[in-house]
Structure formats: C-alpha cells, structure tokens
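Pasting structure_10.txt here (compact mmCIF, C-alpha atoms):
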```txt
# COMPACT_ATOMS: atom_id res chain seq x y z
CA MET T 976 37.80 35.06 -9.25
CA THR T 977 39.70 38.29 -9.63
CA LYS T 978 43.27 38.38 -8.45
CA SER T 979 44.79 41.52 -6.99
CA TYR T 980 48.09 42.43 -5.39
CA VAL T 981 47.77 44.83 -2.48
CA PHE T 982 50.77 46.67 -1.06
CA ASP T 983 51.19 49.01 1.86
CA VAL T 984 53.76 51.50 0.58
CA LYS T 985 55.25 54.42 2.47
CA MET T 986 54.50 57.53 0.40
CA THR T 987 54.70 60.99 1.92
CA CYS T 988 53.72 63.37 -0.89
CA GLY T 989 52.21 63.53 -4.34
CA GLY T 990 55.69 63.19 -5.78
CA CYS T 991 56.06 59.84 -4.04
CA SER T 992 52.74 58.43 -5.21
CA GLY T 993 53.30 59.88 -8.68
CA ALA T 994 56.62 58.10 -8.90
CA VAL T 995 55.03 54.75 -8.06
CA SER T 996 52.28 55.43 -10.62
CA ARG T 997 54.82 56.21 -13.31
CA ALA T 998 56.82 53.09 -12.55
CA LEU T 999 53.71 50.90 -12.78
CA GLY T 1000 52.53 52.79 -15.87
CA LYS T 1001 55.64 51.61 -17.71
CA MET T 1002 55.09 48.01 -16.66
CA GLU T 1003 53.56 45.39 -18.94
CA GLY T 1004 51.22 42.63 -17.85
CA LEU T 1005 48.90 44.73 -15.71
CA GLN T 1006 45.18 45.11 -16.18
CA SER T 1007 44.93 48.14 -13.91
CA TYR T 1008 46.48 49.75 -10.85
CA GLU T 1009 45.55 52.32 -8.28
CA VAL T 1010 47.97 54.28 -6.13
CA ASP T 1011 46.42 55.98 -3.11
CA LEU T 1012 48.61 58.39 -1.16
CA GLU T 1013 46.11 58.85 1.66
CA LYS T 1014 45.58 55.13 2.22
CA GLN T 1015 49.29 54.45 1.55
CA SER T 1016 48.13 51.68 -0.73
CA VAL T 1017 49.00 50.34 -4.14
CA VAL T 1018 46.45 47.94 -5.61
CA VAL T 1019 47.29 46.13 -8.81
CA ILE T 1020 44.97 43.98 -10.90
CA PRO T 1021 47.34 41.82 -12.95
CA ALA T 1022 46.86 40.49 -16.44
CA THR T 1023 49.95 38.29 -16.71
CA ALA T 1024 52.37 39.88 -14.22
CA THR T 1025 53.22 37.85 -11.13
CA TYR T 1026 53.16 39.14 -7.57
CA ASP T 1027 56.95 39.03 -7.41
CA GLU T 1028 57.33 41.01 -10.62
CA VAL T 1029 55.08 43.77 -9.33
CA TYR T 1030 56.81 43.72 -5.94
CA GLU T 1031 60.21 44.15 -7.61
CA LYS T 1032 58.91 46.98 -9.77
CA ILE T 1033 57.67 48.90 -6.73
CA LYS T 1034 60.85 48.09 -4.84
CA LYS T 1035 62.93 49.66 -7.60
CA THR T 1036 61.23 52.99 -6.96
CA GLY T 1037 63.13 53.01 -3.65
CA LYS T 1038 59.89 53.27 -1.69
CA GLU T 1039 59.53 51.24 1.46
CA ILE T 1040 57.01 48.41 1.06
CA ARG T 1041 55.64 47.81 4.55
CA SER T 1042 53.65 44.76 3.51
CA GLY T 1043 52.05 43.15 0.52
CA GLU T 1044 49.70 40.31 -0.25
CA GLU T 1045 47.95 38.55 -3.07
CA LYS T 1046 44.18 38.52 -2.84
CA GLU T 1047 41.48 36.58 -4.60
CA SER T 1048 37.96 37.94 -4.71
CA GLU T 1049 34.71 37.05 -6.41
CA ALA T 1050 34.62 38.67 -9.79
CA ALA T 1051 30.85 38.70 -10.01
CA PRO T 1052 29.51 42.07 -8.94
CA GLU T 1053 26.22 42.69 -7.15
CA HIS T 1054 25.97 39.18 -5.71
CA ALA T 1055 24.90 37.31 -8.82
CA ALA T 1056 22.47 34.49 -8.07
CA PRO T 1057 23.98 31.05 -7.55
CA ALA T 1058 23.78 28.78 -10.57
CA GLU T 1059 21.50 26.25 -8.89
CA VAL T 1060 18.63 28.69 -8.41
CA VAL T 1061 15.95 28.14 -11.03
CA ALA T 1062 13.09 30.57 -11.54
CA MET N 297 90.33 63.57 -13.90
CA THR N 298 87.32 62.64 -11.82
CA LYS N 299 84.18 61.65 -13.63
CA SER N 300 80.76 62.49 -12.25
CA TYR N 301 77.19 62.13 -13.45
CA VAL N 302 74.97 65.05 -12.53
CA PHE N 303 71.19 64.85 -12.77
CA ASP N 304 68.44 67.37 -12.20
CA VAL N 305 65.69 65.26 -10.64
CA LYS N 306 62.24 66.44 -9.59
CA MET N 307 61.92 65.59 -5.88
CA THR N 308 59.29 67.22 -3.71
CA CYS N 309 59.80 65.80 -0.24
CA GLY N 310 62.20 63.80 1.89
CA GLY N 311 60.38 60.68 0.83
CA CYS N 312 61.24 61.43 -2.79
CA SER N 313 64.94 62.06 -2.17
CA GLY N 314 65.09 59.11 0.22
CA ALA N 315 63.70 56.84 -2.47
CA VAL N 316 66.37 57.92 -4.94
CA SER N 317 69.04 57.41 -2.27
CA ARG N 318 67.81 53.92 -1.51
CA ALA N 319 67.71 53.01 -5.20
CA LEU N 320 71.30 54.19 -5.68
CA GLY N 321 72.35 52.54 -2.43
CA LYS N 322 71.44 49.16 -3.86
CA MET N 323 73.40 49.81 -7.03
CA GLU N 324 76.86 48.40 -7.66
CA GLY N 325 79.66 50.17 -9.47
CA LEU N 326 79.39 53.51 -7.69
CA GLN N 327 82.12 55.20 -5.71
CA SER N 328 79.74 57.66 -4.04
CA TYR N 329 76.53 59.56 -4.57
CA GLU N 330 74.78 62.57 -3.14
CA VAL N 331 71.08 63.29 -3.34
CA ASP N 332 70.11 66.88 -2.56
CA LEU N 333 66.42 67.65 -2.23
CA GLU N 334 66.89 71.41 -2.02
CA LYS N 335 69.10 71.62 -5.09
CA GLN N 336 67.01 68.95 -6.85
CA SER N 337 70.27 67.30 -7.74
CA VAL N 338 71.70 63.81 -7.80
CA VAL N 339 75.48 63.65 -8.18
CA VAL N 340 77.10 60.27 -8.70
CA ILE N 341 80.82 59.50 -8.71
CA PRO N 342 81.05 56.22 -10.58
CA ALA N 343 83.50 53.40 -10.08
CA THR N 344 82.53 51.18 -13.00
CA ALA N 345 78.89 52.13 -13.65
CA THR N 346 78.16 53.91 -16.92
CA TYR N 347 76.11 57.07 -17.28
CA ASP N 348 73.31 55.11 -18.93
CA GLU N 349 73.20 52.54 -16.13
CA VAL N 350 72.84 55.24 -13.50
CA TYR N 351 70.27 57.09 -15.61
CA GLU N 352 68.17 53.93 -15.91
CA LYS N 353 68.43 53.26 -12.18
CA ILE N 354 67.10 56.72 -11.35
CA LYS N 355 64.44 56.45 -14.04
CA LYS N 356 63.14 53.24 -12.44
CA THR N 357 62.32 55.19 -9.30
CA GLY N 358 59.60 56.88 -11.36
CA LYS N 359 61.09 60.30 -10.68
CA GLU N 360 61.22 62.81 -13.49
CA ILE N 361 64.79 63.45 -14.68
CA ARG N 362 64.76 66.99 -16.05
CA SER N 363 68.31 66.78 -17.33
CA GLY N 364 71.55 64.94 -16.82
CA GLU N 365 75.14 65.18 -17.93
CA GLU N 366 78.50 63.56 -17.55
CA LYS N 367 81.21 65.81 -16.19
CA GLU N 368 84.96 65.55 -16.01
CA SER N 369 86.79 67.61 -13.46
CA GLU N 370 90.32 67.90 -12.18
CA ALA N 371 90.79 65.47 -9.36
CA ALA N 372 93.49 67.53 -7.72
CA PRO N 373 91.98 69.65 -4.99
CA GLU N 374 93.12 73.12 -3.95
CA HIS N 375 94.59 74.01 -7.32
CA ALA N 376 97.72 71.90 -7.25
CA ALA N 377 100.62 73.55 -9.02
CA PRO N 378 101.09 72.61 -12.68
CA ALA N 379 103.67 69.92 -13.28
CA GLU N 380 105.99 72.17 -15.25
CA VAL N 381 106.61 74.56 -12.39
CA VAL N 382 109.96 73.82 -10.81
CA ALA N 383 110.95 75.31 -7.49
```
Show the structure stored in the file as structure tokens.
Amino acid sequence: MTKSYVFDVKMTCGGCSGAVSRALGKMEGLQSYEVDLEKQSVVVIPATATYDEVYEKIKKTGKEIRSGEEKESEAAPEHAAPAEVVA
Amino acid sequence: MTKSYVFDVKMTCGGCSGAVSRALGKMEGLQSYEVDLEKQSVVVIPATATYDEVYEKIKKTGKEIRSGEEKESEAAPEHAAPAEVVA
C-alpha cells in the first residue's frame, strides 16, 4: 500500500503554487510531492512525515486549505497478478 | 523611537499577499502589519517579536524575501518641536 496525503488548496497564481512547493521542498520526511495550480491540489507521498505535520506545513504558507485527506492505494502498478495464481 | 521591520517580498497576486497577511495575522508579538502587493512590501511594527522571528514567519509562507531591514524612526508625528525650544 502506498500512502498519500491529498489537499485541496486555494492557489490563484504561479506565485501561490510556487510558495507551497518551496515550503514543502524544505520539509523533511517526504518521498515526493506535487503541487498543481490548475487542479488546486497538493499531493504528498510521505516517507516518515505524518498527515498533521504536512497539514501544518501547508497551513503556515497562509494558503487556505479547503479540505485534505489521507489515502491508501495499491502500490503494485499494472494490476500485478494475485499471489494465488499459479502458471 | 518606533521600530519597524521592512521586507521586500515577491508577491504576484492577491492570493500571495493574502497568504502573507494570514500568516502574520496568526503571529503573536506584533503591534501592526501592512502587506502591500503593489509595492511588494511587508511592513511590521513589532510589539515583542524580533526581526528574526518575523523573517522566519514570512519565510515559512514560501515567498521569496528579496531583502529586509530593521528601521528606527521618530515616533513623534508632524515634526514635533525639539525639547530645547522654549516659548
């Protein structure tokens, strides 16, 4: 399972999204992050950082966080065959 | 003397300046602050907050601080007469 934190953040220009990117770029404990101005989304794949830590980091940018959630998704890409299938 | 901290901050839209305002609004130890998008300036009149504390607060917004300085200015408005002048 891959964990991700997904936030809906109000960003109105490239300066806004750049600011969020810079704030996350200085943060430790993240595997990766993606800030999308058009989608108004910030998606973080954590290494060790908790949801609350990332939430606080974004909040400190002064941007309005409309909503946020923690998601779990299958890590295996391309629908790997179930373990019980034997050739 | 009135102390003020003056910063040149890169802000490109109302969302940028609003974010800096919100960040400062949550900060304690300030007497007042003014964020001006057009002038690209953030002027803070501190109560107890130090220059470094305010600098760090703005930095956490992810905005680029081009420059900053601490200023001292005469508190007396409208050029009050010097004390040694006697009527």
- Task: Please provide as a count of residues only all residues within 10 Å of T:Lys1038, with the sequence filter that same-chain residues fewer than 5 positions apart are discarded (counting all atoms listed in the file).
- Result: 17
- Query: Between N:Val350, N:Leu333, N:Ile361, N:Cys309, which one has atoms that come closest to chain T, using all atoms listed in the file?
  - Reply: N:Cys309
- Item | Nearest to N:Gly321 by atom-to-atom distance, counting all atoms listed in the file, from T:Gly1037, T:Tyr980, T:Tyr1026, T:Lys1014 |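 Looking only at the distances to N:Gly321, the closest residue turns out to be T:Gly1037.
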After a least-squares superposition on chain N over all sequentially paired C-alpha atoms, what is chain T as a PDB file with C-alpha atoms, in the coordinates of the input?
```pdb
ATOM      1  CA  MET T 976      90.171  63.822 -14.003  1.00  0.00           C
ATOM      2  CA  THR T 977      87.174  62.896 -11.918  1.00  0.00           C
ATOM      3  CA  LYS T 978      84.034  61.863 -13.711  1.00  0.00           C
ATOM      4  CA  SER T 979      80.610  62.638 -12.306  1.00  0.00           C
ATOM      5  CA  TYR T 980      77.047  62.214 -13.489  1.00  0.00           C
ATOM      6  CA  VAL T 981      74.776  65.102 -12.574  1.00  0.00           C
ATOM      7  CA  PHE T 982      70.998  64.830 -12.800  1.00  0.00           C
ATOM      8  CA  ASP T 983      68.215  67.302 -12.226  1.00  0.00           C
ATOM      9  CA  VAL T 984      65.503  65.162 -10.642  1.00  0.00           C
ATOM     10  CA  LYS T 985      62.044  66.274  -9.583  1.00  0.00           C
ATOM     11  CA  MET T 986      61.742  65.443  -5.876  1.00  0.00           C
ATOM     12  CA  THR T 987      59.082  67.054  -3.719  1.00  0.00           C
ATOM     13  CA  CYS T 988      59.650  65.647  -0.223  1.00  0.00           C
ATOM     14  CA  GLY T 989      62.079  63.706   1.907  1.00  0.00           C
ATOM     15  CA  GLY T 990      60.314  60.529   0.866  1.00  0.00           C
ATOM     16  CA  CYS T 991      61.160  61.270  -2.756  1.00  0.00           C
ATOM     17  CA  SER T 992      64.835  61.986  -2.154  1.00  0.00           C
ATOM     18  CA  GLY T 993      65.057  59.045   0.246  1.00  0.00           C
ATOM     19  CA  ALA T 994      63.694  56.751  -2.421  1.00  0.00           C
ATOM     20  CA  VAL T 995      66.342  57.860  -4.915  1.00  0.00           C
ATOM     21  CA  SER T 996      69.028  57.415  -2.239  1.00  0.00           C
ATOM     22  CA  ARG T 997      67.850  53.903  -1.479  1.00  0.00           C
ATOM     23  CA  ALA T 998      67.782  52.962  -5.142  1.00  0.00           C
ATOM     24  CA  LEU T 999      71.344  54.216  -5.650  1.00  0.00           C
ATOM     25  CA  GLY T1000      72.440  52.626  -2.367  1.00  0.00           C
ATOM     26  CA  LYS T1001      71.568  49.212  -3.795  1.00  0.00           C
ATOM     27  CA  MET T1002      73.506  49.874  -6.984  1.00  0.00           C
ATOM     28  CA  GLU T1003      76.989  48.509  -7.621  1.00  0.00           C
ATOM     29  CA  GLY T1004      79.759  50.327  -9.438  1.00  0.00           C
ATOM     30  CA  LEU T1005      79.429  53.669  -7.680  1.00  0.00           C
ATOM     31  CA  GLN T1006      82.131  55.430  -5.731  1.00  0.00           C
ATOM     32  CA  SER T1007      79.728  57.845  -4.061  1.00  0.00           C
ATOM     33  CA  TYR T1008      76.462  59.693  -4.585  1.00  0.00           C
ATOM     34  CA  GLU T1009      74.683  62.670  -3.154  1.00  0.00           C
ATOM     35  CA  VAL T1010      70.964  63.337  -3.354  1.00  0.00           C
ATOM     36  CA  ASP T1011      69.929  66.907  -2.585  1.00  0.00           C
ATOM     37  CA  LEU T1012      66.213  67.603  -2.242  1.00  0.00           C
ATOM     38  CA  GLU T1013      66.632  71.371  -2.047  1.00  0.00           C
ATOM     39  CA  LYS T1014      68.822  71.605  -5.143  1.00  0.00           C
ATOM     40  CA  GLN T1015      66.758  68.878  -6.869  1.00  0.00           C
ATOM     41  CA  SER T1016      70.053  67.285  -7.773  1.00  0.00           C
ATOM     42  CA  VAL T1017      71.548  63.828  -7.822  1.00  0.00           C
ATOM     43  CA  VAL T1018      75.324  63.728  -8.213  1.00  0.00           C
ATOM     44  CA  VAL T1019      77.011  60.394  -8.724  1.00  0.00           C
ATOM     45  CA  ILE T1020      80.737  59.694  -8.744  1.00  0.00           C
ATOM     46  CA  PRO T1021      81.027  56.389 -10.608  1.00  0.00           C
ATOM     47  CA  ALA T1022      83.535  53.628 -10.091  1.00  0.00           C
ATOM     48  CA  THR T1023      82.591  51.363 -12.996  1.00  0.00           C
ATOM     49  CA  ALA T1024      78.934  52.254 -13.641  1.00  0.00           C
ATOM     50  CA  THR T1025      78.155  54.011 -16.912  1.00  0.00           C
ATOM     51  CA  TYR T1026      76.035  57.127 -17.281  1.00  0.00           C
ATOM     52  CA  ASP T1027      73.261  55.111 -18.907  1.00  0.00           C
ATOM     53  CA  GLU T1028      73.218  52.558 -16.106  1.00  0.00           C
ATOM     54  CA  VAL T1029      72.824  55.261 -13.482  1.00  0.00           C
ATOM     55  CA  TYR T1030      70.198  57.045 -15.582  1.00  0.00           C
ATOM     56  CA  GLU T1031      68.165  53.832 -15.862  1.00  0.00           C
ATOM     57  CA  LYS T1032      68.454  53.198 -12.137  1.00  0.00           C
ATOM     58  CA  ILE T1033      67.064  56.642 -11.314  1.00  0.00           C
ATOM     59  CA  LYS T1034      64.409  56.281 -13.991  1.00  0.00           C
ATOM     60  CA  LYS T1035      63.164  53.082 -12.371  1.00  0.00           C
ATOM     61  CA  THR T1036      62.324  55.025  -9.224  1.00  0.00           C
ATOM     62  CA  GLY T1037      59.568  56.658 -11.299  1.00  0.00           C
ATOM     63  CA  LYS T1038      60.989  60.113 -10.630  1.00  0.00           C
ATOM     64  CA  GLU T1039      61.070  62.599 -13.456  1.00  0.00           C
ATOM     65  CA  ILE T1040      64.620  63.294 -14.652  1.00  0.00           C
ATOM     66  CA  ARG T1041      64.518  66.825 -16.044  1.00  0.00           C
ATOM     67  CA  SER T1042      68.064  66.669 -17.365  1.00  0.00           C
ATOM     68  CA  GLY T1043      71.338  64.906 -16.850  1.00  0.00           C
ATOM     69  CA  GLU T1044      74.922  65.202 -17.968  1.00  0.00           C
ATOM     70  CA  GLU T1045      78.317  63.641 -17.589  1.00  0.00           C
ATOM     71  CA  LYS T1046      80.993  65.944 -16.245  1.00  0.00           C
ATOM     72  CA  GLU T1047      84.746  65.756 -16.079  1.00  0.00           C
ATOM     73  CA  SER T1048      86.620  67.835 -13.545  1.00  0.00           C
ATOM     74  CA  GLU T1049      90.176  68.152 -12.324  1.00  0.00           C
ATOM     75  CA  ALA T1050      90.743  65.674  -9.568  1.00  0.00           C
ATOM     76  CA  ALA T1051      93.570  67.618  -7.990  1.00  0.00           C
ATOM     77  CA  PRO T1052      92.269  69.715  -5.125  1.00  0.00           C
ATOM     78  CA  GLU T1053      93.600  73.111  -4.070  1.00  0.00           C
ATOM     79  CA  HIS T1054      95.109  73.934  -7.461  1.00  0.00           C
ATOM     80  CA  ALA T1055      98.188  71.739  -7.317  1.00  0.00           C
ATOM     81  CA  ALA T1056     101.196  73.322  -9.010  1.00  0.00           C
ATOM     82  CA  PRO T1057     101.759  72.415 -12.649  1.00  0.00           C
ATOM     83  CA  ALA T1058     104.383  69.749 -13.210  1.00  0.00           C
ATOM     84  CA  GLU T1059     106.742  72.046 -15.103  1.00  0.00           C
ATOM     85  CA  VAL T1060     107.308  74.392 -12.171  1.00  0.00           C
ATOM     86  CA  VAL T1061     110.640  73.686 -10.513  1.00  0.00           C
ATOM     87  CA  ALA T1062     111.611  75.218  -7.188  1.00  0.00           C
TER      88      ALA T1062
END
```
- Message: Can you pull out the residues contacting T:Ile1020? Cut-off 8 Å, using only C-alpha atoms, and skip same-chain residues under 6 positions away; I want them as a list in words.
- Response: Thr977, Lys978, Ser979, Tyr980, Leu1005, Gln1006, Ser1007 and Tyr1008 of chain T
Expected file contents, prior selection, C-alpha atoms, as an mmCIF file, in the coordinates of the input:
```
data_model
loop_
_atom_site.group_PDB
_atom_site.id
_atom_site.type_symbol
_atom_site.label_atom_id
_atom_site.label_comp_id
_atom_site.auth_asym_id
_atom_site.auth_seq_id
_atom_site.Cartn_x
_atom_site.Cartn_y
_atom_site.Cartn_z
ATOM 1 C CA THR T 977 39.700 38.290 -9.630
ATOM 2 C CA LYS T 978 43.270 38.380 -8.450
ATOM 3 C CA SER T 979 44.790 41.520 -6.990
ATOM 4 C CA TYR T 980 48.090 42.430 -5.390
ATOM 5 C CA LEU T 1005 48.900 44.730 -15.710
ATOM 6 C CA GLN T 1006 45.180 45.110 -16.180
ATOM 7 C CA SER T 1007 44.930 48.140 -13.910
ATOM 8 C CA TYR T 1008 46.480 49.750 -10.850
#
```
- So how far away is atom CA of T:Glu1031 from atom CA of N:Glu324, in Å?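 For atom CA of N:Glu324 relative to atom CA of T:Glu1031, the distance reads 17.2 Å.
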